[in-house]
$ cat protein11.cif   # mmCIF, C-alpha atoms
data_structure
#
loop_
_atom_site.label_atom_id
_atom_site.label_comp_id
_atom_site.auth_asym_id
_atom_site.auth_seq_id
_atom_site.Cartn_x
_atom_site.Cartn_y
_atom_site.Cartn_z
CA MET A 710 307.98 106.38 228.57
CA SER A 711 306.06 109.56 227.80
CA THR A 712 307.51 109.64 224.25
CA SER A 713 306.26 106.12 223.63
CA ARG A 714 302.83 107.01 225.03
CA ASN A 715 302.69 110.13 222.86
CA LYS A 716 303.57 108.09 219.80
CA THR A 717 300.86 105.55 220.61
CA LEU A 718 298.28 108.29 221.15
CA THR A 719 299.28 110.01 217.91
CA LEU A 720 298.94 106.77 215.96
CA LEU A 721 295.60 106.03 217.60
CA GLY A 722 294.33 109.51 216.74
CA LEU A 723 295.44 109.28 213.13
CA THR A 724 293.89 105.83 212.77
CA LEU A 725 290.57 107.12 214.10
CA LEU A 726 290.81 110.10 211.74
CA CYS A 727 291.36 107.71 208.82
CA VAL A 728 288.40 105.55 209.80
CA PHE A 729 286.02 108.45 210.39
CA GLY A 730 287.23 110.27 207.30
CA LEU A 731 286.63 107.22 205.12
CA ALA A 732 283.24 106.55 206.70
CA TYR A 733 282.17 110.17 206.27
CA ALA A 734 283.29 110.41 202.68
CA THR A 735 281.78 107.13 201.56
CA GLY A 736 278.66 107.41 203.68
CA SER A 737 277.71 110.87 202.49
CA GLU A 738 278.20 110.54 198.76
CA ALA A 739 278.48 106.95 197.63
CA PRO A 740 275.40 105.16 196.36
CA SER A 741 274.13 102.28 198.41
CA ALA A 742 275.22 98.82 197.35
CA GLU A 743 271.60 97.74 197.74
CA PRO A 744 269.51 98.19 194.60
CA LYS A 745 266.98 100.98 195.13
CA VAL A 746 264.05 98.97 193.80
CA THR A 747 261.12 100.43 195.69
CA ALA A 748 257.42 99.69 195.46
CA SER A 749 256.93 102.70 193.18
CA LEU A 750 259.73 101.60 190.90
CA ASP A 751 258.07 98.20 190.74
CA ARG A 752 255.20 99.86 188.86
CA PHE A 753 257.48 99.81 185.84
CA GLU A 754 257.33 96.36 184.36
CA ALA A 755 261.06 96.17 183.78
CA PHE A 756 261.75 96.21 187.53
CA ARG A 757 259.78 93.01 188.04
CA SER A 758 262.65 91.21 186.26
CA PRO A 759 266.30 90.83 187.29
CA ALA A 760 268.81 93.57 186.65
CA ALA A 761 270.57 93.70 183.31
CA GLY A 762 273.76 91.68 183.16
CA GLU A 763 276.25 93.05 180.71
CA LEU A 764 275.91 96.79 180.10
CA PRO A 765 277.30 98.82 177.20
CA SER A 766 280.50 100.39 178.50
CA GLN A 767 279.35 103.85 177.39
CA LEU A 768 276.16 103.47 179.43
CA ARG A 769 278.03 102.17 182.47
CA ASP A 770 280.44 105.11 182.36
CA PHE A 771 277.53 107.53 181.94
CA ALA A 772 275.63 106.11 184.93
CA ALA A 773 278.71 106.05 187.16
CA ALA A 774 279.93 109.52 186.21
CA PRO A 775 280.23 111.94 189.14
CA ASP A 776 277.73 114.43 187.73
CA MET A 777 275.05 111.75 187.33
CA GLN A 778 275.81 110.34 190.77
CA GLN A 779 275.50 113.73 192.39
CA ARG A 780 272.37 114.71 190.51
CA PHE A 781 270.37 111.48 190.33
CA GLY A 782 272.28 108.95 192.46
CA LEU A 783 271.99 106.34 189.72
CA ASP A 784 272.29 102.75 190.86
CA VAL A 785 274.34 100.97 188.21
CA SER A 786 273.62 97.56 189.76
CA ALA A 787 269.85 98.00 189.32
CA ILE A 788 269.76 99.01 185.63
CA ARG A 789 267.14 97.13 183.63
CA ARG A 790 267.23 96.29 179.94
CA ILE A 791 263.99 96.43 177.98
CA ASP A 792 263.09 95.58 174.43
CA GLY A 793 262.34 99.10 173.35
CA VAL A 794 260.95 100.50 170.14
CA GLY A 795 261.59 98.21 167.18
CA GLY A 796 263.11 95.58 169.47
CA LYS A 797 266.10 97.81 170.09
CA ALA A 798 267.72 97.60 173.53
CA TRP A 799 266.68 100.43 175.82
CA TYR A 800 267.71 100.71 179.47
CA LEU A 801 266.02 102.04 182.61
CA LEU A 802 268.36 103.57 185.17
CA PRO A 803 266.92 104.01 188.67
CA GLY A 804 268.31 106.61 191.02
CA THR A 805 267.46 108.29 194.27
CA ASP A 806 263.76 109.10 193.76
CA SER A 807 264.49 109.48 190.08
CA LEU A 808 264.47 107.47 186.89
CA CYS A 809 266.37 107.79 183.62
CA PHE A 810 266.16 105.97 180.32
CA TYR A 811 268.69 105.35 177.57
CA ASP A 812 267.61 104.59 174.01
CA GLY A 813 271.01 103.52 172.70
CA ALA A 814 272.20 107.05 171.97
CA GLY A 815 270.71 109.35 174.60
CA GLY A 816 267.69 109.74 176.77
CA GLY A 817 266.20 111.65 179.64
CA CYS A 818 265.72 111.74 183.39
CA THR A 819 263.09 113.01 185.78
CA SER A 820 261.80 112.37 189.28
CA LEU A 821 260.18 109.02 189.97
CA GLU A 822 256.90 110.78 190.72
CA GLU A 823 256.94 112.53 187.34
CA ALA A 824 257.95 109.29 185.62
CA LEU A 825 254.93 107.55 187.14
CA ALA A 826 252.83 110.39 185.72
CA GLY A 827 254.03 109.57 182.21
CA LYS A 828 256.46 112.46 182.04
CA LEU A 829 259.70 110.53 181.51
CA LEU A 830 260.27 111.50 177.88
CA VAL A 831 262.51 113.37 175.48
CA ILE A 832 261.45 115.35 172.45
CA LEU A 833 263.55 114.82 169.34
CA ARG A 834 263.66 117.78 166.97
CA PRO A 835 265.55 118.20 163.71
CA PRO A 836 268.52 120.47 164.44
CA PRO A 837 268.13 124.03 163.19
CA THR A 838 269.14 124.67 159.60
CA LEU A 839 272.03 127.09 159.88
CA ASP A 840 273.19 129.42 157.14
CA GLY A 841 276.21 127.30 156.33
CA SER A 842 278.96 129.37 157.88
CA ALA A 843 281.10 127.72 160.47
CA PRO A 844 280.63 128.98 164.00
CA VAL A 845 283.40 131.37 164.83
CA SER A 846 282.62 131.97 168.47
CA PRO A 847 280.99 130.01 171.25
CA ALA A 848 277.94 132.27 170.98
CA SER A 849 277.59 132.78 167.26
CA THR A 850 274.17 133.76 165.91
CA ARG A 851 273.26 132.70 162.42
CA GLY A 852 270.31 132.30 160.15
CA VAL A 853 268.11 129.51 161.34
CA THR A 854 264.94 127.70 160.45
CA ASN A 855 263.03 125.44 162.77
CA SER A 856 260.61 122.60 162.18
CA ASP A 857 257.49 121.66 164.13
CA ASP A 858 258.04 117.99 163.31
CA VAL A 859 258.96 116.08 166.43
CA ILE A 860 259.51 112.55 167.65
CA ILE A 861 258.73 111.80 171.28
CA ARG A 862 260.39 108.90 173.05
CA GLY A 863 259.41 107.91 176.53
CA VAL A 864 258.80 105.25 179.15
CA VAL A 865 255.47 104.62 180.87
CA PRO A 866 254.43 102.56 183.90
CA ALA A 867 252.75 99.17 183.56
CA GLY A 868 249.12 99.35 182.46
CA VAL A 869 249.69 101.65 179.50
CA THR A 870 249.29 99.81 176.22
CA SER A 871 249.47 102.71 173.77
CA VAL A 872 250.06 106.46 173.56
CA ARG A 873 248.02 108.94 171.54
CA ALA A 874 249.48 112.28 170.43
CA SER A 875 247.24 115.20 169.49
CA GLY A 876 248.48 117.95 167.19
CA ALA A 877 247.65 121.62 167.01
CA ASN A 878 245.56 121.14 163.86
CA GLY A 879 243.36 118.51 165.50
CA SER A 880 245.22 115.54 164.08
CA SER A 881 246.14 112.58 166.24
CA THR A 882 248.40 109.56 165.97
CA THR A 883 248.73 106.48 168.13
CA ALA A 884 251.76 104.35 168.93
CA ALA A 885 251.94 101.02 170.74
CA VAL A 886 253.93 100.62 173.95
CA SER A 887 256.61 97.93 173.86
CA GLY A 888 258.31 96.82 177.05
CA GLY A 889 257.13 100.04 178.67
CA ALA A 890 258.73 102.16 175.92
CA TYR A 891 257.17 104.09 173.08
CA GLU A 892 258.05 106.39 170.19
CA ILE A 893 255.52 108.62 168.53
CA SER A 894 255.93 111.26 165.85
CA GLY A 895 253.85 114.15 164.57
CA SER A 896 253.81 117.85 163.86
CA ALA A 897 253.26 120.45 166.58
CA ILE A 898 252.17 117.85 169.13
CA GLN A 899 250.16 119.51 171.89
CA SER A 900 249.46 116.64 174.27
CA LEU A 901 249.89 112.94 174.97
CA ALA A 902 247.11 110.68 176.21
CA PHE A 903 247.70 107.21 177.58
CA VAL A 904 245.53 104.22 176.72
CA GLY A 905 245.18 101.05 178.80
CA PRO A 906 243.69 99.58 181.95
CA ASN A 907 245.74 101.76 184.30
CA THR A 908 246.96 105.04 182.90
CA PRO A 909 248.36 108.39 184.08
CA ALA A 910 246.51 111.60 183.25
CA PRO A 911 247.20 113.19 179.82
CA VAL A 912 250.42 115.18 179.54
CA ARG A 913 250.36 118.65 177.98
CA LEU A 914 253.36 119.62 175.85
CA ALA A 915 252.18 123.09 174.91
CA PRO A 916 250.33 125.86 176.73
CA MET B 943 314.33 110.65 231.43
CA THR B 944 314.41 114.18 230.04
CA ALA B 945 317.48 114.98 232.10
CA HIS B 946 319.15 111.84 230.86
CA TRP B 947 318.60 112.75 227.20
CA ARG B 948 319.68 116.35 227.78
CA GLN B 949 322.85 115.14 229.44
CA SER B 950 323.56 112.61 226.70
CA CYS B 951 323.18 115.20 223.99
CA ALA B 952 325.34 117.64 225.84
CA LEU B 953 328.06 115.08 226.16
CA GLY B 954 327.77 114.09 222.50
CA THR B 955 327.99 110.40 223.32
CA VAL B 956 324.52 109.09 222.44
CA LEU B 957 323.35 111.41 219.67
CA ARG B 958 322.60 108.54 217.27
CA PRO B 959 319.73 106.96 219.26
CA ARG B 960 317.94 110.35 219.53
CA HIS B 961 318.27 110.99 215.78
CA GLU B 962 316.98 107.52 215.04
CA ALA B 963 314.00 108.09 217.31
CA ASP B 964 313.27 111.42 215.60
CA ALA B 965 313.54 109.80 212.19
CA ALA B 966 311.22 106.99 213.26
CA ARG B 967 308.67 109.51 214.49
CA ARG B 968 308.89 111.38 211.21
CA ARG B 969 308.41 108.15 209.24
CA VAL B 970 305.39 107.21 211.34
CA SER B 971 303.90 110.68 210.90
CA LEU B 972 304.52 110.58 207.14
CA VAL B 973 302.93 107.15 206.75
CA ALA B 974 299.95 108.24 208.84
CA LEU B 975 299.56 111.42 206.78
CA VAL B 976 299.64 109.44 203.53
CA ALA B 977 297.06 107.03 204.99
CA VAL B 978 294.76 109.92 205.91
CA LEU B 979 295.06 111.51 202.46
CA LEU B 980 294.52 108.12 200.78
CA ALA B 981 291.42 107.47 202.87
CA PHE B 982 289.87 110.80 201.90
CA TRP B 983 290.86 110.38 198.26
CA VAL B 984 289.31 106.91 198.01
CA GLY B 985 286.28 107.87 200.03
CA SER B 986 285.46 111.01 198.14
CA GLY B 987 285.92 109.51 194.70
CA TYR B 988 282.23 110.19 193.95
CA VAL B 989 282.72 113.89 194.52
CA TRP B 990 285.93 114.52 192.68
CA PRO B 991 286.15 114.27 188.91
CA SER B 992 286.88 110.75 187.75
CA SER B 993 288.83 109.63 184.73
CA ALA B 994 285.49 109.21 182.92
CA ASN B 995 285.39 112.93 182.21
CA ALA B 996 288.57 114.88 181.72
CA GLY B 997 286.63 118.12 181.84
CA SER B 998 283.43 119.93 181.04
CA ASP B 999 282.22 123.26 179.67
CA VAL B 1000 278.99 125.03 180.47
CA ILE B 1001 277.30 125.73 177.13
CA SER B 1002 274.20 127.55 178.29
CA ASN B 1003 272.99 128.94 181.58
CA GLY B 1004 270.03 131.28 181.46
CA TYR B 1005 267.32 132.46 179.08
CA TYR B 1006 267.85 131.86 175.35
CA TYR B 1007 265.56 133.16 172.62
CA ASN B 1008 267.59 132.61 169.43
CA PRO B 1009 266.89 129.16 167.94
CA ALA B 1010 270.39 129.26 166.42
CA GLY B 1011 271.54 128.44 169.92
CA VAL B 1012 275.02 128.60 171.35
CA PHE B 1013 278.17 126.54 170.89
CA ALA B 1014 280.88 125.48 173.31
CA PRO B 1015 284.61 125.10 172.59
CA ARG B 1016 285.71 122.16 170.46
CA HIS B 1017 286.54 118.92 172.25
CA SER B 1018 286.32 115.15 171.85
CA LEU B 1019 282.94 115.00 173.53
CA ASN B 1020 281.50 112.04 175.38
CA LYS B 1021 278.26 113.71 176.43
CA VAL B 1022 276.19 116.83 175.86
CA ASP B 1023 273.19 117.49 178.07
CA VAL B 1024 270.55 120.10 178.74
CA THR B 1025 268.12 120.86 181.52
CA ASN B 1026 264.94 122.80 180.91
CA THR B 1027 264.83 125.08 183.93
CA GLY B 1028 261.80 127.08 182.83
CA SER B 1029 258.27 126.74 184.06
CA SER B 1030 256.37 128.13 181.07
CA GLY B 1031 254.78 125.57 178.79
CA GLY B 1032 255.58 124.98 175.18
CA ASN B 1033 259.30 125.67 175.21
CA THR B 1034 261.88 122.96 174.70
CA ALA B 1035 265.59 123.15 175.44
CA CYS B 1036 267.72 121.08 173.10
CA GLU B 1037 271.23 119.67 172.85
CA ASN B 1038 273.29 118.58 169.86
CA ALA B 1039 276.89 118.80 168.66
CA LEU B 1040 278.52 120.15 165.53
CA ASN B 1041 281.22 118.15 163.79
CA ALA B 1042 284.41 119.85 162.70
CA ASN B 1043 283.18 119.84 159.07
CA GLY B 1044 280.05 121.79 159.99
CA THR B 1045 277.59 118.90 159.95
CA TRP B 1046 275.43 117.98 162.92
CA ALA B 1047 276.57 114.98 164.95
CA GLN B 1048 272.97 113.99 165.71
CA SER B 1049 270.23 113.75 163.11
CA TYR B 1050 267.85 114.82 165.89
CA SER B 1051 268.51 117.08 168.83
CA TYR B 1052 267.42 115.61 172.16
CA CYS B 1053 265.23 118.14 173.90
CA ALA B 1054 263.98 118.53 177.46
CA GLY B 1055 260.35 119.53 177.34
CA PRO B 1056 258.24 121.58 179.68
CA VAL B 1057 256.46 118.48 180.97
CA SER B 1058 258.13 118.24 184.35
CA PRO B 1059 260.28 120.51 186.52
CA TRP B 1060 263.94 120.51 185.59
CA ASN B 1061 263.44 118.00 182.82
CA TYR B 1062 266.77 116.59 181.63
CA ALA B 1063 267.90 115.28 178.22
CA TYR B 1064 271.30 113.98 177.15
CA HIS B 1065 273.16 112.34 174.30
CA LEU B 1066 276.31 110.23 174.53
CA PHE B 1067 279.21 110.35 172.08
CA CYS B 1068 282.15 108.11 171.26
CA ALA B 1069 284.73 110.82 172.03
CA CYS B 1070 286.36 109.82 168.77
CA GLN B 1071 286.37 113.18 167.02
CA LEU B 1072 286.37 116.87 167.76
CA ARG B 1073 282.96 118.51 168.10
CA ARG B 1074 281.31 121.60 169.51
CA GLY B 1075 278.53 120.98 171.98
CA TRP B 1076 275.35 122.92 171.19
CA ASN B 1077 272.32 124.08 173.15
CA GLY B 1078 269.34 125.88 171.68
CA PRO B 1079 265.65 126.51 172.32
CA ASN B 1080 262.91 125.72 169.80
CA THR B 1081 261.54 129.22 170.42
CA ALA B 1082 262.79 130.51 173.74
CA ALA B 1083 263.65 128.69 176.93
CA TRP B 1084 265.45 128.79 180.21
CA MET B 1085 268.17 126.17 180.11
CA VAL B 1086 271.42 124.89 181.53
CA GLY B 1087 273.59 122.74 179.31
CA VAL B 1088 277.03 121.20 179.65
CA GLN B 1089 279.42 119.33 177.37
CA TYR B 1090 281.69 116.67 178.86
CA TRP B 1091 284.99 115.56 177.34
#
$ encode --input "protein11.cif" --output "structure tokens"
Amino acid sequence: MSTSRNKTLTLLGLTLLCVFGLAYATGSEAPSAEPKVTASLDRFEAFRSPAAGELPSQLRDFAAAPDMQQRFGLDVSAIRRIDGVGGKAWYLLPGTDSLCFYDGAGGGCTSLEEALAGKLLVILRPPPTLDGSAPVSPASTRGVTNSDDVIIRGVVPAGVTSVRASGANGSSTTAAVSGGAYEISGSAIQSLAFVGPNTPAPVRLAP
Amino acid sequence: MTAHWRQSCALGTVLRPRHEADAARRRVSLVALVAVLLAFWVGSGYVWPSSANAGSDVISNGYYYNPAGVFAPRHSLNKVDVTNTGSSGGNTACENALNANGTWAQSYSYCAGPVSPWNYAYHLFCACQLRRGWNGPNTAAWMVGVQYW
């Protein structure tokens, strides 16, 4: 009698441990099944449309990877596709109070607050010109030349129609915003200013 | 009950039922243990490394002032990233990868600028050839970069 009762209690205990263990593990780390489309996120035009259907497998793997889940809590089900620069498919990836973009090869991430301030961008620079010798160690140092020529790719909230970049020599260039995305190039760009009916403050790129 | 079992064992007449009961208990315990481990394994799948990345190497972690940058060991990369952890303006932290033949995998390095705290930039790869992940500053920058393979 007591053996049977002990067995029942043991099974009951282990079952409860399983249930609580599963609930703890999934509840503490897994992203919510509900898309995290908040009012702030809605300020990006892309989030006023349905989520993207088919995603490039590389992008899906990237968004679901453990490091991206831990860092940004990306919600794969809420990814939006936009017609980015030149009509090329770009994607917006919302996370826990954060936002990332993917331009077909790479991209950037920042907090949602910074993204709303026009600071969701990456700076593309030509790689350094090395002296031609193959790297022989993980920390090799070699001759190098750098260029001040840059391309800036970014995503802005609704209300921004174009972006103006100002260079160190006083020059400026302007690029149109398409689907909330832009690409602008120049030399030694110091700041970005946003043009449109509802714009964030200018962003400084240099001291 | 206890006296009955002790007596039975002592007499050697009903050993089989006790062994079967012990074996049943062991089976139940084993199944329960497997269930517990399975529950934690499934539940914590977001914490443990998935099959998406077999491994990763930290390329940079600290202050770097040589634009030649630093390289990581050679792997079939699927991502290289960089975080600009500095607060001073004007410095960008970049990522790229070097092909086995010494050419750059990206025509442009993706760089995290000083525009927002802990700005993050990344580039994805096909994992179809061996490359060395690279991190470097345009002048000098605090950065953390990782290659995934």
$ residues_around --input "protein11.cif" --residues "Cys1053 (chain B)" --least-positions-apart "2" --cutoff "8 Å" --atoms "all atoms listed in the file" --output "PyMOL selection string"
(chain A and resi 831-834) or (chain B and resi 1024+1034-1037+1051+1055+1063)
$ atom_distance --input "protein11.cif" --atom1 "CA of Ser820 (chain A)" --atom2 "CA of Gln1048 (chain B)"
26.1 Å
$ resolve_selection --input "protein11.cif" --expression "the PyMOL selection byres ((chain A and resi 815-819) around 9)" --output "PyMOL selection string"
(chain A and resi 781+802+806-814+820-824+828-831+862-863) or (chain B and resi 1021+1052-1054+1058-1067)
$ atom_distance --input "protein11.cif" --atom1 "CA of Val1086 (chain B)" --atom2 "CA of Pro836 (chain A)"
17.9 Å
$ residues_around --input "protein11.cif" --residues "Thr870 (chain A)" --least-positions-apart "2" --cutoff "10 Å" --atoms "all atoms listed in the file" --output "VMD selection string"
chain A and resid 865 to 868 872 884 to 891 903 to 908
$ closest_residue --input "protein11.cif" --among "A:Leu914, A:Ile791, A:Ala798, A:Val869" --to "chain B" --atoms "only C-alpha atoms"
A:Leu914
$ atom_distance --input "protein11.cif" --atom1 "CA of Ile898 (chain A)" --atom2 "CA of Val859 (chain A)"
7.5 Å
$ resolve_selection --input "protein11.cif" --expression "the PyMOL selection byres ((chain A and resi 772) around 10)" --output "CSV table (one decimal) with C-alpha atoms, keeping the file's coordinate frame"
chain,number,residue,atom,x,y,z
A,766,SER,CA,280.5,100.4,178.5
A,767,GLN,CA,279.4,103.8,177.4
A,768,LEU,CA,276.2,103.5,179.4
A,769,ARG,CA,278.0,102.2,182.5
A,770,ASP,CA,280.4,105.1,182.4
A,771,PHE,CA,277.5,107.5,181.9
A,773,ALA,CA,278.7,106.0,187.2
A,774,ALA,CA,279.9,109.5,186.2
A,775,PRO,CA,280.2,111.9,189.1
A,776,ASP,CA,277.7,114.4,187.7
A,777,MET,CA,275.0,111.8,187.3
A,778,GLN,CA,275.8,110.3,190.8
A,781,PHE,CA,270.4,111.5,190.3
A,782,GLY,CA,272.3,109.0,192.5
A,783,LEU,CA,272.0,106.3,189.7
A,784,ASP,CA,272.3,102.8,190.9
A,785,VAL,CA,274.3,101.0,188.2
A,788,ILE,CA,269.8,99.0,185.6
A,802,LEU,CA,268.4,103.6,185.2
A,803,PRO,CA,266.9,104.0,188.7
A,804,GLY,CA,268.3,106.6,191.0
A,809,CYS,CA,266.4,107.8,183.6
$ closest_residue --input "protein11.cif" --among "A:Ser758, A:Gln779, A:Thr805, A:Ser896" --to "chain B" --atoms "all atoms listed in the file"
A:Gln779
$ resolve_selection --input "protein11.cif" --expression "the PyMOL selection byres ((chain B and resi 999) around 9)" --output "list in words"
Gly997, Ser998, Val1000, Ile1001, Ala1014, Pro1015, Gly1075, Gly1087, Val1088, Gln1089, Tyr1090 and Trp1091 of chain B
$ closest_residue --input "protein11.cif" --among "A:Gly795, A:Pro835, A:Gly876, A:Gly895" --to "Asn1080 (chain B)" --atoms "only C-alpha atoms"
A:Pro835
$ closest_residue --input "protein11.cif" --among "A:Ala761, A:Asp751, A:Pro837, A:Ala787" --to "Ala1039 (chain B)" --atoms "only C-alpha atoms"
A:Pro837
$ closest_residue --input "protein11.cif" --among "A:Ala755, A:Leu839, A:Ala902, A:Ile893" --to "chain B" --atoms "all atoms listed in the file"
A:Leu839
$ closest_residue --input "protein11.cif" --among "B:Tyr1050, B:Ala1082, B:Val1022, B:His1017" --to "chain A" --atoms "only C-alpha atoms"
B:Tyr1050
$ residues_around --input "protein11.cif" --residues "Gly1004 (chain B)" --least-positions-apart "4" --cutoff "9 Å" --atoms "only C-alpha atoms" --output "count of residues only"
5
$ decode --input "protein11.cif" --residues "region 803-815 of chain A" --atoms "N, CA and C atoms" --output "PDB file, in the first residue's frame"
ATOM      1  N   PRO A 803      11.102  43.593 -36.205  1.00  0.00           N
ATOM      2  CA  PRO A 803      10.845  44.158 -34.877  1.00  0.00           C
ATOM      3  C   PRO A 803      11.259  43.197 -33.774  1.00  0.00           C
ATOM      4  N   GLY A 804      11.690  43.768 -32.670  1.00  0.00           N
ATOM      5  CA  GLY A 804      12.055  42.956 -31.515  1.00  0.00           C
ATOM      6  C   GLY A 804      11.489  43.557 -30.253  1.00  0.00           C
ATOM      7  N   THR A 805      12.057  43.185 -29.143  1.00  0.00           N
ATOM      8  CA  THR A 805      11.615  43.719 -27.864  1.00  0.00           C
ATOM      9  C   THR A 805      12.205  45.118 -27.695  1.00  0.00           C
ATOM     10  N   ASP A 806      11.383  46.133 -27.904  1.00  0.00           N
ATOM     11  CA  ASP A 806      11.837  47.533 -27.848  1.00  0.00           C
ATOM     12  C   ASP A 806      13.041  47.774 -28.743  1.00  0.00           C
ATOM     13  N   SER A 807      13.094  47.091 -29.844  1.00  0.00           N
ATOM     14  CA  SER A 807      14.209  47.265 -30.775  1.00  0.00           C
ATOM     15  C   SER A 807      13.720  47.043 -32.199  1.00  0.00           C
ATOM     16  N   LEU A 808      14.531  47.459 -33.140  1.00  0.00           N
ATOM     17  CA  LEU A 808      14.177  47.303 -34.547  1.00  0.00           C
ATOM     18  C   LEU A 808      15.454  47.078 -35.355  1.00  0.00           C
ATOM     19  N   CYS A 809      15.391  46.120 -36.278  1.00  0.00           N
ATOM     20  CA  CYS A 809      16.509  45.834 -37.161  1.00  0.00           C
ATOM     21  C   CYS A 809      16.048  45.984 -38.603  1.00  0.00           C
ATOM     22  N   PHE A 810      16.998  46.167 -39.503  1.00  0.00           N
ATOM     23  CA  PHE A 810      16.659  46.098 -40.921  1.00  0.00           C
ATOM     24  C   PHE A 810      17.674  45.225 -41.645  1.00  0.00           C
ATOM     25  N   TYR A 811      17.232  44.689 -42.773  1.00  0.00           N
ATOM     26  CA  TYR A 811      18.053  43.806 -43.600  1.00  0.00           C
ATOM     27  C   TYR A 811      17.940  44.294 -45.033  1.00  0.00           C
ATOM     28  N   ASP A 812      19.080  44.550 -45.665  1.00  0.00           N
ATOM     29  CA  ASP A 812      19.050  45.124 -47.014  1.00  0.00           C
ATOM     30  C   ASP A 812      19.322  44.085 -48.104  1.00  0.00           C
ATOM     31  N   GLY A 813      19.235  42.822 -47.745  1.00  0.00           N
ATOM     32  CA  GLY A 813      19.493  41.752 -48.712  1.00  0.00           C
ATOM     33  C   GLY A 813      20.848  41.107 -48.521  1.00  0.00           C
ATOM     34  N   ALA A 814      21.719  41.782 -47.749  1.00  0.00           N
ATOM     35  CA  ALA A 814      23.047  41.227 -47.466  1.00  0.00           C
ATOM     36  C   ALA A 814      23.413  41.383 -45.993  1.00  0.00           C
ATOM     37  N   GLY A 815      23.011  42.490 -45.423  1.00  0.00           N
ATOM     38  CA  GLY A 815      23.311  42.784 -44.018  1.00  0.00           C
ATOM     39  C   GLY A 815      22.393  43.882 -43.539  1.00  0.00           C
TER      40      GLY A 815
END
